[in-house]
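Have a look at start.pdb; it's PDB, C-alpha atoms:
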MODEL        1
ATOM      1  CA  MET A  18      19.890  13.351  19.896
ATOM      2  CA  GLU A  19      19.232   9.781  20.947
ATOM      3  CA  THR A  20      18.957   7.386  18.070
ATOM      4  CA  ARG A  21      17.517   3.883  18.118
ATOM      5  CA  ARG A  22      17.927   0.921  15.774
ATOM      6  CA  LEU A  23      15.112  -0.878  13.993
ATOM      7  CA  ASP A  24      17.185  -4.057  13.978
ATOM      8  CA  VAL A  25      17.312  -4.337  17.754
ATOM      9  CA  ARG A  26      16.226  -7.847  18.764
ATOM     10  CA  ARG A  27      15.780  -9.917  21.905
ATOM     11  CA  PHE A  28      14.042 -13.268  21.860
ATOM     12  CA  ASP A  29      12.932 -15.178  24.948
ATOM     13  CA  PRO A  30      11.429 -18.662  24.830
ATOM     14  CA  ALA A  31       9.172 -17.662  27.752
ATOM     15  CA  LYS A  32       7.272 -14.915  25.938
ATOM     16  CA  LEU A  33       7.090 -12.225  23.285
ATOM     17  CA  GLN A  34       9.621  -9.465  23.949
ATOM     18  CA  LYS A  35       8.707  -5.774  23.674
ATOM     19  CA  LEU A  36      11.679  -3.478  23.191
ATOM     20  CA  ASN A  37      10.758   0.164  23.583
ATOM     21  CA  LEU A  38      12.370   2.577  21.142
ATOM     22  CA  PHE A  39      10.511   5.769  22.052
ATOM     23  CA  GLN A  40       7.746   6.751  24.423
ATOM     24  CA  THR A  41       6.034  10.064  24.988
ATOM     25  CA  PRO A  42       2.614  10.962  26.390
ATOM     26  CA  ARG A  43       1.397  10.975  22.752
ATOM     27  CA  PHE A  44       2.620   7.609  21.489
ATOM     28  CA  PHE A  45       4.939   4.681  21.972
ATOM     29  CA  CYS A  46       7.124   2.901  19.454
ATOM     30  CA  ASP A  47       8.304  -0.628  20.218
ATOM     31  CA  VAL A  48       9.945  -3.544  18.450
ATOM     32  CA  TYR A  49       8.115  -6.785  19.260
ATOM     33  CA  CYS A  50      10.200  -9.956  18.939
ATOM     34  CA  LEU A  51       8.227 -13.183  18.537
ATOM     35  CA  SER A  52       9.759 -16.613  18.589
ATOM     36  CA  PRO A  53       7.873 -19.308  16.683
ATOM     37  CA  GLY A  54       4.560 -20.008  18.409
ATOM     38  CA  GLN A  55       4.484 -16.724  20.330
ATOM     39  CA  ALA A  56       1.633 -14.239  20.033
ATOM     40  CA  GLN A  57       0.075 -11.062  21.224
ATOM     41  CA  ARG A  58      -3.422 -12.282  21.987
ATOM     42  CA  PRO A  59      -6.348 -10.443  20.452
ATOM     43  CA  HIS A  60      -7.337  -7.373  22.474
ATOM     44  CA  ARG A  61      -8.582  -3.851  21.844
ATOM     45  CA  HIS A  62      -7.849  -0.300  22.943
ATOM     46  CA  GLN A  63     -10.854   1.964  23.147
ATOM     47  CA  ALA A  64      -9.001   5.199  22.423
ATOM     48  CA  SER A  65      -5.673   4.312  20.787
ATOM     49  CA  ASP A  66      -4.755   3.391  17.227
ATOM     50  CA  LYS A  67      -1.957   0.909  16.559
ATOM     51  CA  VAL A  68       0.223   0.099  13.566
ATOM     52  CA  TYR A  69       1.982  -3.239  13.140
ATOM     53  CA  ALA A  70       4.816  -3.137  10.575
ATOM     54  CA  VAL A  71       6.671  -6.375   9.889
ATOM     55  CA  LEU A  72      10.445  -5.912  10.058
ATOM     56  CA  GLU A  73      11.446  -9.561   9.844
ATOM     57  CA  GLY A  74       9.810 -12.918   9.283
ATOM     58  CA  GLU A  75       6.189 -13.758   8.726
ATOM     59  CA  VAL A  76       3.237 -13.315  11.069
ATOM     60  CA  VAL A  77      -0.498 -13.820  11.123
ATOM     61  CA  VAL A  78      -2.253 -10.573  12.026
ATOM     62  CA  GLN A  79      -5.851 -10.304  13.114
ATOM     63  CA  VAL A  80      -7.759  -7.029  12.776
ATOM     64  CA  GLY A  81     -11.450  -7.268  13.537
ATOM     65  CA  ALA A  82     -12.754 -10.563  12.205
ATOM     66  CA  GLU A  83     -10.057 -10.852   9.537
ATOM     67  CA  ARG A  84      -6.781 -12.757   9.768
ATOM     68  CA  ARG A  85      -3.995 -12.385   7.223
ATOM     69  CA  THR A  86      -0.398 -13.489   6.813
ATOM     70  CA  LEU A  87       1.956 -10.507   6.587
ATOM     71  CA  VAL A  88       5.597 -10.605   5.552
ATOM     72  CA  ALA A  89       8.538  -8.262   6.028
ATOM     73  CA  GLY A  90       7.668  -4.817   4.684
ATOM     74  CA  ASP A  91       3.912  -5.150   5.234
ATOM     75  CA  ALA A  92       2.117  -2.786   7.617
ATOM     76  CA  VAL A  93      -1.439  -2.676   8.910
ATOM     77  CA  LEU A  94      -3.587  -0.369  11.031
ATOM     78  CA  ALA A  95      -5.602  -1.557  14.022
ATOM     79  CA  PRO A  96      -7.967   1.347  14.737
ATOM     80  CA  ALA A  97      -9.203   2.201  18.206
ATOM     81  CA  GLY A  98     -11.976  -0.091  19.352
ATOM     82  CA  VAL A  99     -11.115  -2.872  16.918
ATOM     83  CA  GLU A 100      -9.889  -6.213  18.223
ATOM     84  CA  HIS A 101      -6.387  -7.036  17.004
ATOM     85  CA  GLY A 102      -3.555  -9.430  17.658
ATOM     86  CA  VAL A 103      -0.547 -11.062  16.041
ATOM     87  CA  GLU A 104       1.114 -14.439  16.136
ATOM     88  CA  ASN A 105       4.218 -15.974  14.702
ATOM     89  CA  PRO A 106       3.298 -19.401  13.332
ATOM     90  CA  GLY A 107       6.979 -20.186  12.704
ATOM     91  CA  PRO A 108       9.277 -21.719  11.801
ATOM     92  CA  GLY A 109      11.486 -18.580  11.924
ATOM     93  CA  PRO A 110      11.701 -15.635  14.306
ATOM     94  CA  ALA A 111       9.630 -12.526  13.591
ATOM     95  CA  ALA A 112       9.977  -8.867  14.517
ATOM     96  CA  LEU A 113       7.422  -6.059  14.290
ATOM     97  CA  LEU A 114       7.684  -2.311  14.549
ATOM     98  CA  VAL A 115       4.693  -1.203  16.612
ATOM     99  CA  PHE A 116       3.332   2.323  17.000
ATOM    100  CA  MET A 117       0.459   3.177  19.270
ATOM    101  CA  ALA A 118      -1.055   6.621  19.708
ATOM    102  CA  PRO A 119      -1.782   7.800  22.234
ATOM    103  CA  SER A 120       0.133   5.703  24.763
ATOM    104  CA  PRO A 121      -2.523   3.767  26.692
TER
ATOM    105  CA  MET B 265      -7.781  -5.278   6.465
ATOM    106  CA  GLU B 266      -5.878  -2.791   4.329
ATOM    107  CA  THR B 267      -2.161  -3.387   4.298
ATOM    108  CA  ARG B 268       0.555  -1.008   3.175
ATOM    109  CA  ARG B 269       4.163  -1.560   2.107
ATOM    110  CA  LEU B 270       7.201   0.059   3.721
ATOM    111  CA  ASP B 271       9.051  -0.186   0.412
ATOM    112  CA  VAL B 272       6.625   2.095  -1.436
ATOM    113  CA  ARG B 273       8.625   4.802  -3.218
ATOM    114  CA  ARG B 274       8.025   7.788  -5.484
ATOM    115  CA  PHE B 275      10.747  10.273  -6.266
ATOM    116  CA  ASP B 276      10.201  13.634  -7.935
ATOM    117  CA  PRO B 277      13.030  15.953  -8.943
ATOM    118  CA  ALA B 278      10.775  18.908  -8.019
ATOM    119  CA  LYS B 279      10.452  18.101  -4.323
ATOM    120  CA  LEU B 280      10.395  15.619  -1.478
ATOM    121  CA  GLN B 281       7.512  13.162  -1.830
ATOM    122  CA  LYS B 282       5.279  12.235   1.113
ATOM    123  CA  LEU B 283       3.408   8.950   0.647
ATOM    124  CA  ASN B 284       0.764   8.432   3.274
ATOM    125  CA  LEU B 285       0.415   4.916   4.651
ATOM    126  CA  PHE B 286      -2.101   5.551   7.438
ATOM    127  CA  GLN B 287      -3.857   8.531   8.916
ATOM    128  CA  THR B 288      -6.245   8.803  11.832
ATOM    129  CA  PRO B 289      -7.165  11.688  14.122
ATOM    130  CA  ARG B 290      -4.462  10.356  16.463
ATOM    131  CA  PHE B 291      -1.459  10.039  14.147
ATOM    132  CA  PHE B 292      -0.190   9.835  10.617
ATOM    133  CA  CYS B 293       2.356   7.476   9.125
ATOM    134  CA  ASP B 294       4.092   8.465   5.894
ATOM    135  CA  VAL B 295       7.029   7.372   3.779
ATOM    136  CA  TYR B 296       9.115  10.392   2.764
ATOM    137  CA  CYS B 297      11.168   9.956  -0.429
ATOM    138  CA  LEU B 298      14.093  12.348  -0.827
ATOM    139  CA  SER B 299      16.172  12.615  -3.959
ATOM    140  CA  PRO B 300      19.746  13.853  -3.477
ATOM    141  CA  GLY B 301      19.701  17.468  -2.340
ATOM    142  CA  GLN B 302      16.086  17.411  -1.151
ATOM    143  CA  ALA B 303      15.117  18.286   2.401
ATOM    144  CA  GLN B 304      12.349  18.856   4.871
ATOM    145  CA  ARG B 305      13.367  22.248   6.201
ATOM    146  CA  PRO B 306      13.704  22.693   9.949
ATOM    147  CA  HIS B 307      10.357  23.402  11.610
ATOM    148  CA  ARG B 308       8.557  22.552  14.812
ATOM    149  CA  HIS B 309       5.158  21.308  15.979
ATOM    150  CA  GLN B 310       3.994  22.683  19.296
ATOM    151  CA  ALA B 311       1.860  19.712  20.262
ATOM    152  CA  SER B 312       2.947  16.730  18.158
ATOM    153  CA  ASP B 313       5.850  14.308  18.466
ATOM    154  CA  LYS B 314       7.504  12.908  15.352
ATOM    155  CA  VAL B 315       9.696   9.894  14.635
ATOM    156  CA  TYR B 316      11.996   9.691  11.628
ATOM    157  CA  ALA B 317      13.129   6.127  10.836
ATOM    158  CA  VAL B 318      15.505   5.651   7.912
ATOM    159  CA  LEU B 319      14.333   2.915   5.542
ATOM    160  CA  GLU B 320      16.852   3.483   2.764
ATOM    161  CA  GLY B 321      19.915   5.599   2.128
ATOM    162  CA  GLU B 322      21.599   8.127   4.343
ATOM    163  CA  VAL B 323      20.255  11.440   5.628
ATOM    164  CA  VAL B 324      21.306  14.295   7.863
ATOM    165  CA  VAL B 325      18.750  14.822  10.619
ATOM    166  CA  GLN B 326      18.508  17.909  12.776
ATOM    167  CA  VAL B 327      16.813  17.782  16.175
ATOM    168  CA  GLY B 328      17.181  20.914  18.246
ATOM    169  CA  ALA B 329      20.669  22.307  17.732
ATOM    170  CA  GLU B 330      22.151  18.925  16.822
ATOM    171  CA  ARG B 331      22.697  17.488  13.359
ATOM    172  CA  ARG B 332      23.625  13.883  12.727
ATOM    173  CA  THR B 333      24.003  11.524   9.789
ATOM    174  CA  LEU B 334      21.598   8.589  10.058
ATOM    175  CA  VAL B 335      21.668   5.449   7.956
ATOM    176  CA  ALA B 336      19.111   2.764   7.144
ATOM    177  CA  GLY B 337      17.770   1.242  10.356
ATOM    178  CA  ASP B 338      18.359   4.353  12.491
ATOM    179  CA  ALA B 339      15.422   6.123  14.127
ATOM    180  CA  VAL B 340      15.161   9.349  16.079
ATOM    181  CA  LEU B 341      12.494  11.237  18.038
ATOM    182  CA  ALA B 342      11.695  14.899  17.444
ATOM    183  CA  PRO B 343       9.617  15.859  20.486
ATOM    184  CA  ALA B 344       6.877  18.488  20.389
ATOM    185  CA  GLY B 345       8.255  22.009  20.453
ATOM    186  CA  VAL B 346      11.715  21.021  19.217
ATOM    187  CA  GLU B 347      12.930  22.216  15.829
ATOM    188  CA  HIS B 348      13.667  19.357  13.464
ATOM    189  CA  GLY B 349      14.357  18.665   9.822
ATOM    190  CA  VAL B 350      16.022  16.209   7.485
ATOM    191  CA  GLU B 351      18.008  16.386   4.274
ATOM    192  CA  ASN B 352      19.456  13.945   1.824
ATOM    193  CA  PRO B 353      22.984  15.088   1.005
ATOM    194  CA  GLY B 354      23.270  12.439  -1.703
ATOM    195  CA  PRO B 355      24.498  10.869  -3.819
ATOM    196  CA  GLY B 356      21.786   8.177  -3.507
ATOM    197  CA  PRO B 357      18.044   8.306  -2.880
ATOM    198  CA  ALA B 358      16.733   8.150   0.681
ATOM    199  CA  ALA B 359      13.461   7.054   2.242
ATOM    200  CA  LEU B 360      12.134   7.626   5.736
ATOM    201  CA  LEU B 361       9.268   6.165   7.703
ATOM    202  CA  VAL B 362       7.661   9.073   9.537
ATOM    203  CA  PHE B 363       5.178   8.900  12.402
ATOM    204  CA  MET B 364       3.599  11.954  13.922
ATOM    205  CA  ALA B 365       1.155  11.940  16.837
ATOM    206  CA  PRO B 366      -1.251  13.513  16.975
ATOM    207  CA  SER B 367      -1.882  14.474  13.350
ATOM    208  CA  PRO B 368      -1.342  18.241  13.184
TER
ENDMDL
END

Reformat the file's structure so that it appears as structure tokens.
Amino acid sequence: METRRLDVRRFDPAKLQKLNLFQTPRFFCDVYCLSPGQAQRPHRHQASDKVYAVLEGEVVVQVGAERRTLVAGDAVLAPAGVEHGVENPGPGPAALLVFMAPSP
Amino acid sequence: METRRLDVRRFDPAKLQKLNLFQTPRFFCDVYCLSPGQAQRPHRHQASDKVYAVLEGEVVVQVGAERRTLVAGDAVLAPAGVEHGVENPGPGPAALLVFMAPSP
């Protein structure tokens, strides 16, 4: 049994870091680490659903036309076909647990 | 945008409680709340992968023939076809974030 930790972190001033916890043909599970000012730009997946769950810090999530500030413990669904993205406005670091099914 | 909280909890002395956060045809995401002594008995899904991530407390997870104690922040994959289960040996409450893809 291979276990992973939700508190794994790696921050890089160059860009958002994606740390994979698990990947199968059916889904992936990553921890995204965002330094202040970093973002995952809005995009969409035609056939995959995604969940963003905030593990640490505060982020601004966009799903469709709506943008909202989420804090640690908040989670949101970005359904297939819907534009979504996330940014860390700062000043602290932020980390997200991200599930996407199926893997794109 | 509908948000959910990872710290949602509901405990019932009668049985393990499953609180659904999100469900789509592609996956579900639940919070399982286990009082001391409660368990999800070992079972398997032929075509779905599951992740157990411990949000609170301490549990004994079985994946295949292996059993291991996991604590808050630990996560483990139960791949399709592999027997898996979880129990809370006590003495405290336990909560798990559970993802399964696809929804069975």

- Task: Enumerate, as an NGL selection string, the protein, DNA and RNA residues whose atoms approach (17.4, 20.3, 0.7) to within 9 Å, taking into account all atoms listed in the file and the coordinate frame of the file.
- Result: :B and (279-280 or 298 or 300-305 or 350-353)

- Task: Quick one: apply the PyMOL selection byres ((chain A and resi 108-118) around 7) to the file and drop the selected residues here as a ChimeraX atom specification.
- Result: /A:43-53,65-76,105-107,119-120 /B:290-291,365

- Pull out every residue of chain B sitting within 7 Å of chain A, counting all atoms listed in the file, and send them as a ChimeraX atom specification. /B:265-271,290-291,327,330,337-340,365-366

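Computed from the coordinates, the CA of Arg273 (chain B) to CA of Gly349 (chain B) distance equals 19.9 Å.
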
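Of note, CA of Arg308 (chain B) and CA of Glu347 (chain B) are spaced 4.5 Å apart.
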
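For the pair CA of His307 (chain B) and CA of Ala278 (chain B), the separation is 20.1 Å.
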
What box, with edges along x, y and z, holds each listed atom of region 57-63 of chain A when 5 Å is added on every side, and can you state its centre and edge lengths in Å to one decimal, as AutoDock Vina command-line options?
--center_x -5.4 --center_y -5.2 --center_z 21.8 --size_x 20.9 --size_y 24.2 --size_z 12.7

Since the input is missing atoms, can you rebuild all heavy atoms for region 317-328 of chain B and write them as a short mmCIF file (atom, residue, chain, number, x, y, z; two decimals), keeping the file's coordinate frame?
data_model
loop_
_atom_site.label_atom_id
_atom_site.label_comp_id
_atom_site.auth_asym_id
_atom_site.auth_seq_id
_atom_site.Cartn_x
_atom_site.Cartn_y
_atom_site.Cartn_z
N ALA B 317 12.41 7.40 10.88
CA ALA B 317 13.13 6.13 10.84
C ALA B 317 13.63 5.93 9.41
O ALA B 317 12.84 5.98 8.46
CB ALA B 317 12.22 4.97 11.24
N VAL B 318 14.91 5.73 9.25
CA VAL B 318 15.50 5.65 7.91
C VAL B 318 15.29 4.25 7.34
O VAL B 318 15.74 3.26 7.92
CB VAL B 318 17.01 5.99 7.95
CG1 VAL B 318 17.57 6.02 6.52
CG2 VAL B 318 17.25 7.33 8.64
N LEU B 319 14.59 4.19 6.22
CA LEU B 319 14.33 2.92 5.54
C LEU B 319 15.40 2.61 4.50
O LEU B 319 15.69 1.44 4.23
CB LEU B 319 12.97 2.95 4.85
CG LEU B 319 11.75 3.08 5.76
CD1 LEU B 319 10.49 3.29 4.92
CD2 LEU B 319 11.60 1.85 6.65
N GLU B 320 15.94 3.67 3.90
CA GLU B 320 16.85 3.48 2.76
C GLU B 320 17.74 4.71 2.65
O GLU B 320 17.27 5.84 2.84
CB GLU B 320 16.00 3.35 1.49
CG GLU B 320 16.78 3.27 0.20
CD GLU B 320 15.85 3.26 -1.02
OE1 GLU B 320 14.64 3.04 -0.88
OE2 GLU B 320 16.36 3.51 -2.13
N GLY B 321 19.01 4.49 2.37
CA GLY B 321 19.92 5.60 2.13
C GLY B 321 20.47 6.21 3.40
O GLY B 321 20.49 5.56 4.47
N GLU B 322 20.88 7.44 3.28
CA GLU B 322 21.60 8.13 4.34
C GLU B 322 21.11 9.57 4.35
O GLU B 322 20.98 10.19 3.29
CB GLU B 322 23.10 8.08 3.99
CG GLU B 322 24.02 8.35 5.13
CD GLU B 322 25.47 8.07 4.74
OE1 GLU B 322 25.76 6.93 4.30
OE2 GLU B 322 26.30 8.99 4.89
N VAL B 323 20.78 10.08 5.52
CA VAL B 323 20.26 11.44 5.63
C VAL B 323 20.95 12.17 6.77
O VAL B 323 21.53 11.54 7.66
CB VAL B 323 18.72 11.45 5.88
CG1 VAL B 323 17.96 10.88 4.69
CG2 VAL B 323 18.38 10.69 7.15
N VAL B 324 20.85 13.48 6.73
CA VAL B 324 21.31 14.30 7.86
C VAL B 324 20.06 14.81 8.57
O VAL B 324 19.24 15.51 7.97
CB VAL B 324 22.20 15.46 7.40
CG1 VAL B 324 22.58 16.33 8.60
CG2 VAL B 324 23.45 14.92 6.71
N VAL B 325 19.91 14.42 9.83
CA VAL B 325 18.75 14.82 10.62
C VAL B 325 19.17 15.90 11.60
O VAL B 325 20.25 15.82 12.20
CB VAL B 325 18.14 13.62 11.37
CG1 VAL B 325 17.15 14.06 12.42
CG2 VAL B 325 17.48 12.66 10.39
N GLN B 326 18.31 16.89 11.74
CA GLN B 326 18.51 17.91 12.78
C GLN B 326 17.40 17.77 13.81
O GLN B 326 16.23 17.69 13.46
CB GLN B 326 18.46 19.31 12.17
CG GLN B 326 18.52 20.41 13.24
CD GLN B 326 18.30 21.80 12.68
OE1 GLN B 326 18.55 22.03 11.49
NE2 GLN B 326 17.82 22.71 13.51
N VAL B 327 17.78 17.72 15.07
CA VAL B 327 16.81 17.78 16.18
C VAL B 327 17.38 18.77 17.18
O VAL B 327 18.47 18.55 17.72
CB VAL B 327 16.58 16.41 16.84
CG1 VAL B 327 15.64 16.56 18.03
CG2 VAL B 327 16.00 15.41 15.84
N GLY B 328 16.64 19.85 17.41
CA GLY B 328 17.18 20.91 18.25
C GLY B 328 18.40 21.50 17.56
O GLY B 328 18.38 21.76 16.34
#
